[in-house]
Every structure is written in structure tokens, then in C-alpha cells.
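A short worksheet on the structure shown next.
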Amino acid sequence: MTAQELVLAAVAAIFTDFDVETAQGLLAPDYIQHNVAVPTGADPILGFIPVLEESGITLTTHRVITEGDMVVLHNTYDNAQALGSEIFVAFDVFRVADGQVVEHWDNLQVPPAKTVSGRTMTDGPTEVVDIDLTADNKALVEGFIADVLQGAAPDRITDYISPDLYLQHNPMVGDGLDGLGAALTAMAEAGQPMAYAETHIVVAEGNFVFAASEGTIGETPTAFFDLFRIDGGKIVEHWDTVSEIPAEMPHDNGKF
């Protein structure tokens with residue numbers, strides 16, 4: 001199986017078919033876990049599958065982005081009380097090696113009833129196109145992160161984001177550069193400025209580029225998982241999940 005096929009099969013075994021035997025064959029025994037609430041290794045996942053089945057959880061995958069041995073899923077978990085809330089929007093990131101899934105990162109957020117833009121955290125285009133532009137689009141997003149999000153040259157924002165079209169799925173941010181600017185200003189004025197410090201993972205396929213970063217909101221350590229859609233050499237759409245990074249986790253692997 002390809003990396004994407006392996007990941008989709010493993011996720012289906014865990015969250016759709018609740019098939020412990022199949023999942024056991026797809027997850028490496030020393031599976032490295034970065035979820036902040038789950039111990040590392042395959043056994044904790046395998047042991048939790050009957051609980052998931054009993055809970056009635058359902059999974060919807062909206063987008064799949066694959067580059068090399070890395071696969072990113074943009075997911076919604078419904079009836080997810082077993083995970084801590086009725087519904088979560090999540091980015092799940094997997095690394096594959098030697099025919100098994102060997103590592104997992106994620107970032108979950110409870111979606112609000114209303115969003116500033118009127119869009120949901122998951123709607124919008126899903127088709128991967130422009131495969132030949134993958135490297136260029138990845139470089140564009142990496143430049144945007146360094147110059148704008150990490151603050152090296154924030155005045156260059158229009159080099160990266162279209163001034164005419166920027167569709168926003170962050171529930172607290174409106175469309176366009178004006179919407180982004182207004183949200184950042186409001187956060188700063190409330191004493192909760194947003195700062196990106198380091199980006200650990202970037203996965204690109206065609207017109208989609210995903211990045212997993214850490215930073216702060218105010219003084220709170222925060223994980224930012226961002227997905228960007230690129231068209232015509234500019235970022236035109238953005239999805240994300242944002243969550244606090246806890247001080248303690250049930251493993252020593254860290255959030256990243």
C-alpha cells in the first residue's frame with residue numbers, strides 16, 4: 001500500500017470498522033504518539049478501540065494531503081464524547097515507515113456554533129490539483145510563515161496572500177486581509193497577542209500546504225495547525241485548529 005492507503009486503512013480500522021486485528025497489523029508496536037492525552041505505543045490505541053465502538057463515534061475525512069512518508073487528514077469527529085467533546089475538528093498527521101504507521105501528531109478544536117466568516121471549519125474545496133506546483137507552493141507557505149507569522153518581514157504579506165481573495169475558516173477571523181488584521185489587532189488589544197515561534201512540520205501536495213507550528217497566545221503555549229490553499233501563486237484560503245499545549249502529557253514525546 002502507498003503511505004496514503006496505509007493511513008486511511010489504519011484510521012478506518014480504528015474509527016469506522018473498530019477492527020483491532022487489522023489495526024494491530026497497520027500500527028507499529030512502538031508507534032510514537034504526540035496526542036497530549038494518549039500514552040505512546042500501539043497498545044493504548046488498540047485497547048481503546050472497543051470503547052470507541054461503544055461510544056458511537058463517527059469520523060468524516062474532508063481532505064487528505066500526502067508528501068512522501070507524511071499524510072495529513074482534515075477530520076471531523078462526531079459523537080466524540082470518548083475523546084472529550086461531542087464534536088471535534090482535527091488535523092491528524094501520520095508518518096509511515098516499513099509498511100506501517102509509526103508516528104502521529106494531532107490538534108483538536110471544538111467548533112463554535114457561529115463563525116465570523118459564516119463558513120465552517122471544514123467546508124470549501126477538497127480536490128488536490130496543480131501537483132506540478134507542489135514545490136513552489138510549499139516554498140510560498142514557508143516564506144509566509146517565516147516573514148509574516150514569525151515576524152521576519154510582516155510588511156511582505158501581500159507577496160503571499162492575495163489582496164483580492166482570502167477565504168477564512170478560522171472561526172474568529174473574517175475574510176480578506178482586513179479580517180485578518182482586525183482579528184490580530186483585537187487579540188493584541190485584549191492582551192492575547194498571537195505569536196508563532198517555530199514550525200515543525202510542513203506537508204505539501206499540489207494546491208494544499210499544511211504546517212504544524214508552536215507559539216503562544218498571550219503567555220499560553222499554543223499549537224497552530226494550519227492548512228493553506230494556493231491559487232495563482234498566492235494563498236487564497238485558510239483552515240486551522242488551535243489548541244493549548246499542556247505542561248504535562250502521558251508520554252515524553254512532546255506535542256511535536
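Residue names in the C-alpha cells use chain letters A, B, ... in the order shown, residue numbers from 1 in each chain, and ligand numbers from 1 in the order shown.
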
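DSSP annotation of stretch 139-200 of chain A from backbone atoms: strand (DSSP E) residues are Leu167, Gln168, Met194, Ala195, Tyr196, Ala197, Glu198, Thr199 and His200 of chain A.
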
Output C-alpha atoms of each residue in that selection to a file, as an mmCIF file, in the first residue's frame.
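again02.cif, written as the output of this step:
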data_model
loop_
_atom_site.group_PDB
_atom_site.id
_atom_site.type_symbol
_atom_site.label_atom_id
_atom_site.label_comp_id
_atom_site.auth_asym_id
_atom_site.auth_seq_id
_atom_site.Cartn_x
_atom_site.Cartn_y
_atom_site.Cartn_z
ATOM 1 C CA LEU A 167 -11.264 32.971 2.350
ATOM 2 C CA GLN A 168 -11.117 32.305 6.059
ATOM 3 C CA MET A 194 -0.621 35.604 18.801
ATOM 4 C CA ALA A 195 2.995 34.671 18.099
ATOM 5 C CA TYR A 196 4.455 31.834 16.033
ATOM 6 C CA ALA A 197 7.863 30.684 17.275
ATOM 7 C CA GLU A 198 8.769 27.510 15.365
ATOM 8 C CA THR A 199 7.286 25.394 12.599
ATOM 9 C CA HIS A 200 7.978 21.683 12.970
#

Contact residues around A:Met249 with only C-alpha atoms at 12 Å, ignoring same-chain residues under 2 positions, as a list in words: Gln33, His34, Asn35, Val36, Ala37, Val38, Pro39, Thr40, Ile245, Pro246, Ala247, His251, Asp252, Asn253, Gly254, Lys255 and Phe256 of chain A

Point-to-point distance from atom CA of A:Ala190 to atom CA of A:Asp123, Å rounded to tenths: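 It comes out at 29.2 Å.
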
For stretch 108-158 of chain A versus stretch 222-242 of chain A, which residues have an atom no more than 10 Å away, and what is each residue's nearest atom pair and distance in Å rounded to one decimal, using only C-alpha atoms, chain-then-number order, as a tab-separated table?
residue	atom	partner	partner_atom	distance
A:Leu108	CA	A:Thr241	CA	6.3
A:Gln109	CA	A:Thr241	CA	5.7
A:Val110	CA	A:Thr241	CA	8.9
A:Pro111	CA	A:Thr241	CA	9.2
A:Thr120	CA	A:Trp239	CA	9.3
A:Met121	CA	A:Trp239	CA	6.4
A:Thr122	CA	A:Trp239	CA	7.2
A:Asp123	CA	A:Trp239	CA	9.1
A:Gly124	CA	A:Glu237	CA	8.8
A:Pro125	CA	A:Arg229	CA	8.7
A:Thr126	CA	A:Arg229	CA	9.6
A:Val128	CA	A:Arg229	CA	9.5
A:Val129	CA	A:Asp231	CA	9.8
A:Asp130	CA	A:Asp231	CA	8.9
A:Leu133	CA	A:Gly233	CA	9.1
A:Thr134	CA	A:Ile230	CA	9.8
A:Asp136	CA	A:Gly233	CA	8.1
A:Asn137	CA	A:Ile230	CA	6.7
A:Lys138	CA	A:Ile230	CA	9.4
A:Leu140	CA	A:Gly233	CA	7.7
A:Val141	CA	A:Phe228	CA	7.7
A:Phe144	CA	A:Ile235	CA	9.1
A:Thr158	CA	A:Lys234	CA	8.5

Which parts of stretch 2-244 of chain A does DSSP call helix (DSSP H, G or I) when run on the backbone here, written out as a VMD selection string? chain A and resid 3 to 15 20 to 26 42 to 55 81 to 83 131 to 149 154 to 160 176 to 189

Have a look at atom CA of A:Thr22 and atom CA of A:Phe91 and let me know their distance in Å, one decimal.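 Between atom CA of A:Thr22 and atom CA of A:Phe91 the gap works out to 22.8 Å.
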
Between atom CA of A:Ala113 and atom CA of A:Thr16, what is the spacing in Å?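 So the two atoms, atom CA of A:Thr16 and atom CA of A:Ala113, lie 25.7 Å apart.
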
Residues at most 9 Å from A:Val71, counting only C-alpha atoms, excluding those fewer than 2 positions away in the same chain, as a list in words? Ala3, Gln4, Val7, Val64, Ile65, Thr66, Glu67, Gly68, Asp69, Leu73, Asp92, Val93, Phe94, Arg95, Val96 and Val203 of chain A

Residue neighbourhood A:Ala28, 6 Å, only C-alpha atoms, exclusion window fewer than 5 positions, as an MDAnalysis selection string: chainID A and resid 100:102

Go through A:Pro154, A:Gly25, A:Pro171, A:Gly41 and flag the residue nearest A:His104, using only C-alpha atoms for the distances. A:Gly41
